[in-house]
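Listing of run12.cif; format and content: mmCIF, C-alpha atoms.
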data_final
loop_
_atom_site.label_atom_id
_atom_site.label_comp_id
_atom_site.auth_asym_id
_atom_site.auth_seq_id
_atom_site.Cartn_x
_atom_site.Cartn_y
_atom_site.Cartn_z
CA MET A 1 47.22 -20.22 18.77
CA THR A 2 47.59 -20.05 14.97
CA LYS A 3 50.88 -19.66 13.12
CA THR A 4 49.69 -16.26 11.88
CA THR A 5 49.07 -15.07 15.44
CA ILE A 6 52.48 -16.35 16.65
CA SER A 7 54.17 -14.54 13.77
CA LEU A 8 52.33 -11.34 14.67
CA LEU A 9 53.39 -11.53 18.33
CA ARG A 10 57.03 -12.02 17.34
CA LYS A 11 56.89 -8.93 15.13
CA ILE A 12 55.31 -6.89 17.93
CA THR A 13 58.05 -7.96 20.36
CA ILE A 14 60.78 -6.89 17.95
CA ILE A 15 59.42 -3.42 17.24
CA LYS A 16 57.52 -2.52 20.40
CA SER A 17 60.24 -0.12 21.53
CA GLN A 18 61.18 1.16 18.11
CA ASN A 19 58.36 2.41 15.95
CA ARG A 20 54.77 2.78 17.08
CA ALA A 21 53.56 3.74 13.60
CA LEU A 22 55.02 0.56 12.18
CA LEU A 23 53.26 -1.44 14.89
CA VAL A 24 49.91 0.09 13.98
CA SER A 25 50.55 -0.69 10.32
CA ILE A 26 51.25 -4.34 11.08
CA LEU A 27 48.13 -4.67 13.22
CA LEU A 28 45.94 -3.21 10.50
CA GLY A 29 47.55 -5.40 7.88
CA TYR A 30 46.93 -8.45 10.05
CA ALA A 31 43.26 -7.60 10.47
CA PHE A 32 42.64 -7.11 6.79
CA SER A 33 44.57 -10.27 5.85
CA ILE A 34 41.79 -12.29 7.50
CA PRO A 35 38.55 -12.07 5.46
CA SER A 36 36.25 -12.56 8.45
CA LEU A 37 37.83 -9.59 10.24
CA ALA A 38 38.07 -7.38 7.18
CA GLN A 39 34.43 -7.95 6.33
CA GLU A 40 33.00 -7.86 9.84
CA SER A 41 32.26 -4.15 9.71
CA ALA A 42 31.12 -4.27 6.08
CA PHE A 43 28.36 -6.88 6.23
CA ARG A 44 26.77 -9.46 8.47
CA VAL A 45 24.41 -12.38 8.04
CA VAL A 46 21.29 -11.97 10.19
CA GLU A 47 20.05 -15.25 11.66
CA ASP A 48 20.61 -17.75 8.83
CA GLY A 49 20.12 -15.29 5.97
CA GLY A 50 16.36 -15.77 5.75
CA THR A 51 14.05 -18.49 4.44
CA GLY A 52 13.86 -17.21 0.88
CA PRO A 53 15.76 -18.65 -2.10
CA PHE A 54 18.45 -15.93 -1.93
CA SER A 55 20.44 -15.96 1.33
CA ALA A 56 20.59 -12.34 2.48
CA ILE A 57 23.17 -10.11 4.11
CA MET A 58 22.96 -6.85 6.04
CA GLU A 59 25.48 -4.49 4.50
CA LYS A 60 27.19 -1.17 5.13
CA ASP A 61 27.74 0.14 1.63
CA PRO A 62 30.57 2.71 1.45
CA SER A 63 28.55 4.87 -0.92
CA LEU A 64 25.55 5.02 1.47
CA LEU A 65 26.85 5.02 5.04
CA THR A 66 23.71 6.83 6.25
CA HIS A 67 21.62 3.72 5.53
CA THR A 68 21.67 -0.05 5.96
CA VAL A 69 21.30 -2.30 2.93
CA PHE A 70 19.70 -5.75 3.05
CA ARG A 71 20.13 -7.77 -0.13
CA PRO A 72 20.85 -11.25 -1.48
CA GLN A 73 24.50 -12.06 -0.88
CA ASP A 74 24.98 -13.66 -4.28
CA LEU A 75 24.01 -11.12 -6.92
CA SER A 76 25.07 -13.28 -9.86
CA GLU A 77 21.51 -14.59 -10.20
CA PHE A 78 20.17 -11.11 -10.92
CA GLY A 79 20.37 -9.24 -14.20
CA ASP A 80 18.42 -9.54 -17.43
CA LYS A 81 15.94 -12.21 -16.31
CA GLU A 82 15.38 -11.27 -12.68
CA LYS A 83 15.96 -7.95 -11.00
CA LEU A 84 15.74 -6.61 -7.46
CA PRO A 85 12.74 -4.37 -6.70
CA ILE A 86 13.47 -1.51 -4.29
CA ILE A 87 12.05 -1.27 -0.77
CA ALA A 88 12.82 1.76 1.41
CA TRP A 89 12.19 1.20 5.13
CA GLY A 90 11.58 3.68 7.98
CA ASN A 91 12.10 2.54 11.57
CA GLY A 92 9.92 2.79 14.65
CA ALA A 93 10.34 5.84 16.91
CA CYS A 94 11.91 7.68 13.93
CA ALA A 95 15.09 5.82 14.94
CA ASN A 96 18.13 6.32 12.76
CA SER A 97 18.91 2.62 13.01
CA PRO A 98 17.04 -0.51 11.90
CA TRP A 99 18.24 -2.55 14.88
CA GLU A 100 14.69 -3.54 15.92
CA HIS A 101 13.80 -4.80 12.46
CA VAL A 102 16.85 -6.69 11.20
CA ASN A 103 15.21 -10.14 11.31
CA PHE A 104 12.21 -8.82 9.39
CA LEU A 105 14.26 -6.94 6.80
CA SER A 106 16.72 -9.77 6.21
CA GLU A 107 13.83 -12.17 5.66
CA VAL A 108 12.25 -9.86 3.07
CA ALA A 109 15.57 -9.42 1.25
CA SER A 110 16.07 -13.19 1.06
CA HIS A 111 13.11 -13.36 -1.32
CA GLY A 112 14.91 -11.25 -3.90
CA PHE A 113 14.52 -7.62 -2.85
CA LEU A 114 16.87 -4.69 -2.34
CA VAL A 115 15.85 -3.31 1.05
CA ILE A 116 17.34 -0.01 2.22
CA ALA A 117 16.65 0.96 5.83
CA LEU A 118 17.22 4.36 7.37
CA GLY A 119 20.28 4.70 9.56
CA PRO A 120 23.82 3.26 9.62
CA MET A 121 24.25 -0.49 9.96
CA PRO A 122 24.07 -1.43 13.66
CA LYS A 123 26.90 -3.44 15.17
CA GLU A 124 26.12 -6.73 16.85
CA GLY A 125 23.94 -5.93 19.88
CA GLU A 126 23.95 -2.18 19.17
CA LYS A 127 20.64 -0.32 19.36
CA GLY A 128 21.72 2.76 17.44
CA THR A 129 21.08 6.41 18.21
CA GLY A 130 19.67 9.54 16.63
CA LYS A 131 16.58 10.38 14.62
CA SER A 132 15.84 9.79 10.97
CA THR A 133 13.91 11.94 8.51
CA SER A 134 11.51 11.23 5.67
CA ALA A 135 14.06 12.70 3.25
CA GLN A 136 16.27 9.70 3.92
CA MET A 137 13.66 7.48 2.29
CA ILE A 138 13.90 9.48 -0.93
CA ALA A 139 17.70 9.35 -0.65
CA ALA A 140 17.50 5.55 -0.41
CA ILE A 141 15.46 5.35 -3.62
CA ASP A 142 17.76 7.79 -5.43
CA TRP A 143 20.80 5.75 -4.39
CA ALA A 144 19.28 2.47 -5.58
CA ILE A 145 18.44 3.96 -8.97
CA ALA A 146 21.90 5.50 -9.29
CA SER A 147 23.54 2.19 -8.31
CA ASN A 148 21.69 0.42 -11.09
CA GLU A 149 23.26 2.85 -13.56
CA ASN A 150 26.75 2.81 -12.02
CA GLU A 151 29.10 0.39 -13.79
CA ASP A 152 31.28 0.23 -10.67
CA SER A 153 28.41 -0.86 -8.42
CA PRO A 154 27.72 -4.54 -7.68
CA LEU A 155 24.07 -3.61 -8.31
CA TYR A 156 24.74 -2.44 -11.87
CA LYS A 157 21.77 -3.42 -14.08
CA LYS A 158 20.40 -5.68 -11.34
CA VAL A 159 17.75 -3.35 -9.87
CA ASP A 160 14.16 -3.02 -11.06
CA THR A 161 13.82 0.74 -10.88
CA SER A 162 10.20 0.54 -12.06
CA LYS A 163 9.11 -1.31 -8.90
CA ILE A 164 9.55 0.70 -5.71
CA ALA A 165 7.93 0.32 -2.30
CA VAL A 166 8.07 2.66 0.66
CA SER A 167 7.41 1.02 3.99
CA GLY A 168 7.86 1.66 7.68
CA MET A 169 6.78 0.94 11.23
CA SER A 170 5.18 3.43 13.67
CA CYS A 171 6.94 6.77 13.04
CA GLY A 172 8.49 5.08 10.01
CA GLY A 173 4.94 4.48 8.79
CA LEU A 174 4.29 8.22 8.93
CA GLN A 175 7.53 8.84 7.07
CA THR A 176 6.24 6.35 4.51
CA LEU A 177 2.98 8.24 4.10
CA GLU A 178 4.85 11.54 3.81
CA VAL A 179 6.91 10.37 0.81
CA ALA A 180 4.22 8.12 -0.74
CA PRO A 181 3.08 10.84 -3.22
CA ASP A 182 6.42 10.48 -5.06
CA PRO A 183 5.34 9.34 -8.57
CA ARG A 184 8.01 6.62 -8.63
CA ILE A 185 6.34 4.73 -5.78
CA THR A 186 4.41 1.65 -6.90
CA THR A 187 3.19 0.35 -3.52
CA VAL A 188 3.01 1.44 0.12
CA VAL A 189 3.22 -0.64 3.32
CA VAL A 190 2.33 1.04 6.63
CA CYS A 191 3.01 -1.02 9.75
CA ASN A 192 1.70 -0.28 13.27
CA SER A 193 0.97 3.27 12.23
CA GLY A 194 -1.59 5.78 11.02
CA ILE A 195 -1.98 9.54 10.80
CA LEU A 196 -2.82 11.15 14.12
CA PRO A 197 -6.16 13.00 14.38
CA ASN A 198 -4.37 16.07 15.71
CA PRO A 199 -1.22 16.80 13.69
CA GLY A 200 1.72 17.95 15.77
CA ASN A 201 0.75 15.98 18.89
CA GLY A 202 3.16 13.16 18.19
CA MET A 203 6.67 12.54 19.48
CA PRO A 204 9.50 14.93 18.53
CA GLY A 205 10.64 14.41 14.97
CA MET A 206 7.46 12.67 13.89
CA PRO A 207 6.08 13.92 10.55
CA SER A 208 3.20 16.30 11.19
CA LEU A 209 0.68 15.00 8.68
CA ASP A 210 -3.06 15.53 8.49
CA LYS A 211 -5.60 13.15 7.03
CA ALA A 212 -5.63 15.05 3.74
CA GLN A 213 -2.27 13.39 3.05
CA LEU A 214 -4.14 10.15 2.37
CA LYS A 215 -5.68 11.65 -0.76
CA GLN A 216 -2.18 11.80 -2.26
CA LEU A 217 -1.75 8.04 -2.19
CA HIS A 218 -1.66 6.77 -5.77
CA SER A 219 -0.68 3.10 -5.42
CA PRO A 220 -1.93 -0.09 -3.71
CA THR A 221 -1.52 0.23 0.05
CA LEU A 222 -1.18 -2.33 2.84
CA TYR A 223 -1.68 -1.62 6.55
CA LEU A 224 -0.43 -4.16 9.09
CA LEU A 225 -1.61 -3.42 12.64
CA GLY A 226 -1.26 -5.13 16.01
CA GLY A 227 -4.93 -5.27 16.92
CA GLU A 228 -6.82 -3.12 19.38
CA LYS A 229 -3.97 -3.08 21.90
CA ASP A 230 -1.72 -1.47 19.29
CA ILE A 231 -1.46 2.24 20.18
CA ALA A 232 -1.66 2.97 16.45
CA TYR A 233 -4.78 0.84 15.92
CA ASN A 234 -7.36 3.65 15.91
CA ASN A 235 -5.20 5.88 13.70
CA GLY A 236 -4.47 3.10 11.24
CA MET A 237 -8.08 1.93 11.01
CA ASP A 238 -9.24 5.52 10.55
CA ASP A 239 -6.78 5.83 7.65
CA PHE A 240 -8.17 2.65 6.11
CA ASN A 241 -11.75 3.90 6.45
CA ARG A 242 -10.87 7.20 4.77
CA ILE A 243 -8.96 5.76 1.82
CA ASP A 244 -11.43 5.27 -1.02
CA HIS A 245 -9.49 5.89 -4.23
CA VAL A 246 -6.74 3.22 -4.31
CA PRO A 247 -6.69 -0.50 -3.48
CA VAL A 248 -6.15 -0.84 0.27
CA PHE A 249 -5.89 -3.86 2.55
CA VAL A 250 -5.61 -3.90 6.35
CA GLY A 251 -4.58 -6.87 8.44
CA ASN A 252 -4.75 -7.00 12.23
CA MET A 253 -2.91 -9.51 14.38
CA ASP A 254 -3.38 -9.35 18.14
CA VAL A 255 0.27 -8.69 19.07
CA GLY A 256 0.25 -5.01 20.02
CA HIS A 257 2.43 -2.20 18.75
CA GLY A 258 5.65 -4.20 18.66
CA GLY A 259 4.51 -6.50 15.88
CA THR A 260 6.56 -9.65 15.25
CA TYR A 261 9.68 -8.04 13.75
CA ALA A 262 12.11 -9.48 16.32
CA GLN A 263 10.74 -13.01 16.08
CA PRO A 264 12.69 -15.56 14.03
CA HIS A 265 12.63 -14.43 10.39
CA GLY A 266 10.38 -11.52 11.37
CA GLY A 267 7.41 -13.71 12.27
CA GLU A 268 3.97 -13.27 10.75
CA PHE A 269 4.47 -9.62 9.84
CA ALA A 270 7.40 -10.61 7.60
CA ARG A 271 5.45 -13.46 6.01
CA VAL A 272 2.52 -11.21 5.12
CA ALA A 273 4.58 -8.20 4.06
CA THR A 274 6.81 -10.38 1.88
CA ALA A 275 3.77 -11.84 0.14
CA TRP A 276 2.52 -8.31 -0.57
CA TYR A 277 5.92 -7.25 -1.95
CA LYS A 278 6.03 -10.36 -4.16
CA TRP A 279 2.57 -9.62 -5.48
CA GLN A 280 2.98 -5.91 -6.02
CA LEU A 281 6.63 -5.76 -7.06
CA LYS A 282 7.21 -9.13 -8.74
CA ARG A 283 3.73 -9.85 -10.14
CA ASN A 284 3.63 -13.12 -8.18
CA LEU A 285 -0.04 -14.08 -8.39
CA GLN A 286 0.39 -17.03 -6.04
CA ALA A 287 1.63 -14.69 -3.31
CA GLY A 288 -1.23 -12.34 -4.17
CA LYS A 289 -3.77 -14.98 -3.18
CA LEU A 290 -3.09 -14.01 0.42
CA PHE A 291 -4.91 -10.74 -0.34
CA SER A 292 -7.11 -11.43 -3.37
CA GLY A 293 -10.26 -13.49 -3.55
CA ASP A 294 -13.35 -13.57 -1.37
CA PRO A 295 -12.38 -14.57 1.18
CA SER A 296 -8.69 -13.76 0.79
CA GLY A 297 -6.09 -16.24 1.94
CA LEU A 298 -5.22 -14.13 4.98
CA ALA A 299 -8.88 -13.90 5.95
CA GLN A 300 -8.82 -17.66 6.44
CA SER A 301 -6.04 -17.43 9.03
CA LYS A 302 -7.02 -17.74 12.68
CA GLU A 303 -4.34 -15.20 13.60
CA TRP A 304 -5.51 -12.34 11.40
CA THR A 305 -8.61 -10.25 10.86
CA VAL A 306 -8.73 -8.38 7.58
CA GLN A 307 -10.62 -5.85 5.52
CA LYS A 308 -10.07 -4.55 2.01
CA LYS A 309 -11.43 -2.02 -0.46
CA ASN A 310 -11.11 -1.48 -4.20
CA MET A 311 -9.63 -4.97 -4.50
CA ARG A 312 -10.97 -8.26 -5.80
#
Reformat the file's structure so that it appears as structure tokens.
Amino acid sequence: MTKTTISLLRKITIIKSQNRALLVSILLGYAFSIPSLAQESAFRVVEDGGTGPFSAIMEKDPSLLTHTVFRPQDLSEFGDKEKLPIIAWGNGACANSPWEHVNFLSEVASHGFLVIALGPMPKEGEKGTGKSTSAQMIAAIDWAIASNENEDSPLYKKVDTSKIAVSGMSCGGLQTLEVAPDPRITTVVVCNSGILPNPGNGMPGMPSLDKAQLKQLHSPTLYLLGGEKDIAYNNGMDDFNRIDHVPVFVGNMDVGHGGTYAQPHGGEFARVATAWYKWQLKRNLQAGKLFSGDPSGLAQSKEWTVQKKNMR
């Protein structure tokens, strides 16, 4: 037992029959005098912070409690020379919590991205409740841009507001496609998803989009699907076949609808998505080799089958 704990117990013994309010005050003061306790509800390191050069945290920002922020823990390396592109993320099942995707999102953030997922930050082991909406993706982007301009924000002048991705899995992929026409969007990533052939037949809360929505895409688009056993496979491949006016790449890995998000560091889906983000949002040509060329780097992988259009 630490000296601090012994001191606390002595104080409690003295006042336990005198002043309950004072007791509560002491307990709160004790909690916030220990950094690990004070910060536990504010941020958490997922796994080991990711494999990228910038160890990441999952954060509950007091100015955006409706979302979860994933970002490099040390922001001192960002500013004039290097900035954080924005990635808004929608969850599977329209969930208002990114609990299924924290490994994936932390890994992406560790490569120098500001990732904002829909829903409050989940506690350790918590699955989260409620449904999200596509409007929350726009709110995430608006918040990131405002934070870059706010002198009181730790993100002040550290965000690249000219590089913005919208991304999501399953229902989150449909939310992504719903907001993709926003002119600020510079790339789109749709995971384990695709527009249904009959709008309105999806689960409650799912965006009711028709295939005409695809014509409103105006930026390079990546589809990551789980192969033929992915329930979204036919919808996603039909989207790919219909898109003929923007660069589009589709990768299939035979893992089904669940992808690899929960695997260490998000597995293959995180590796491929991160390379796309680096290419599209950071102009990293080396990362782009996974998608460019004939054959592309990913085409040479035994785990993936790929197709692309309007791309070299």
Note to self: Here is a test: counting only C-alpha atoms, which residue of A:Lys229, A:Lys158, A:His218, A:Lys308 is nearest to Ala144 of chain A?
What the structure shows: A:Lys158
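You can rank A:Gly267, A:Pro53, A:Gly119, A:Gly112 by their closest distance to Ile87 of chain A using all atoms listed in the file, and at the top of that list sits A:Gly112.
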Next item on the list: Counting only C-alpha atoms, note down every residue that has an atom within 6 Å of the point (18.0, 9.4, 13.8) (file coordinates), as a list of chain:residue names.
Entry: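 Every polymer residue passing the test: A:Ala95, A:Asn96, A:Gly130, A:Lys131, A:Ser132.
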Next item on the list: Show which residues sit within 9 Å of Asp48 of chain A, as a VMD selection string. Count all atoms listed in the file, and ignore same-chain residues fewer than 5 positions away.
Entry: chain A and resid 55 to 56 265
Would you put the residues from that selection into a file with C-alpha atoms, as a PDB file, in the frame of the given file?
ATOM      1  CA  SER A  55      20.440 -15.960   1.330  1.00  0.00           C
ATOM      2  CA  ALA A  56      20.590 -12.340   2.480  1.00  0.00           C
ATOM      3  CA  HIS A 265      12.630 -14.430  10.390  1.00  0.00           C
TER       4      HIS A 265
END
Next item on the list: On this file, the PyMOL selection byres ((chain A and resi 194) around 9) gives some set of residues; write that set as a list of chain:residue names.
Entry: A:Ser170, A:Cys171, A:Gly173, A:Leu174, A:Leu177, A:Val190, A:Cys191, A:Asn192, A:Ser193, A:Ile195, A:Leu196, A:Tyr223, A:Ala232, A:Tyr233, A:Asn234, A:Asn235, A:Gly236, A:Met237, A:Asp238, A:Asp239, A:Phe240
Checklist line | Point (15.0, 4.7, -4.9), cut-off 8 Å, counting all atoms listed in the file, residues as a list in words | finding: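 Those residues lying close to the given coordinates are Ile86, Ile87, Ala88, Met137, Ile138, Ala139, Ala140, Ile141, Asp142, Trp143, Ala144, Ile145, Thr161 and Ile164 of chain A.
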Margin query: One decimal, in Å: what's the spacing between atom CA of Val189 of chain A and atom CA of Thr221 of chain A?
Written below: 5.8 Å
Item checked: One-decimal distance in Å that lies between atom CA of Met58 of chain A and atom CA of Leu114 of chain A ->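 Rounded to one decimal, the two atoms are 10.6 Å apart.
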List the residues matched by the PyMOL selection byres ((chain A and resi 184) around 9) in the displayed structure as a PDB file with C-alpha atoms, in the frame of the given file, ordered by chain and then by residue number.
ATOM      1  CA  THR A 161      13.820   0.740 -10.880  1.00  0.00           C
ATOM      2  CA  SER A 162      10.200   0.540 -12.060  1.00  0.00           C
ATOM      3  CA  LYS A 163       9.110  -1.310  -8.900  1.00  0.00           C
ATOM      4  CA  ILE A 164       9.550   0.700  -5.710  1.00  0.00           C
ATOM      5  CA  ALA A 165       7.930   0.320  -2.300  1.00  0.00           C
ATOM      6  CA  ALA A 180       4.220   8.120  -0.740  1.00  0.00           C
ATOM      7  CA  PRO A 181       3.080  10.840  -3.220  1.00  0.00           C
ATOM      8  CA  ASP A 182       6.420  10.480  -5.060  1.00  0.00           C
ATOM      9  CA  PRO A 183       5.340   9.340  -8.570  1.00  0.00           C
ATOM     10  CA  ILE A 185       6.340   4.730  -5.780  1.00  0.00           C
ATOM     11  CA  THR A 186       4.410   1.650  -6.900  1.00  0.00           C
TER      12      THR A 186
END
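Rounded to one decimal, atom CA of Gly205 of chain A and atom CA of Phe269 of chain A lie 25.3 Å from each other.
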Item checked: Minimum-distance residue to Asp294 of chain A, chosen among A:Gln280, A:Met121, A:Asp74, A:Arg312 (using only C-alpha atoms) -> A:Arg312
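Shortest atom-to-atom contact with Pro247 of chain A among A:Lys60, A:His67, A:Lys309, A:Lys157: A:Lys309, counting only C-alpha atoms.
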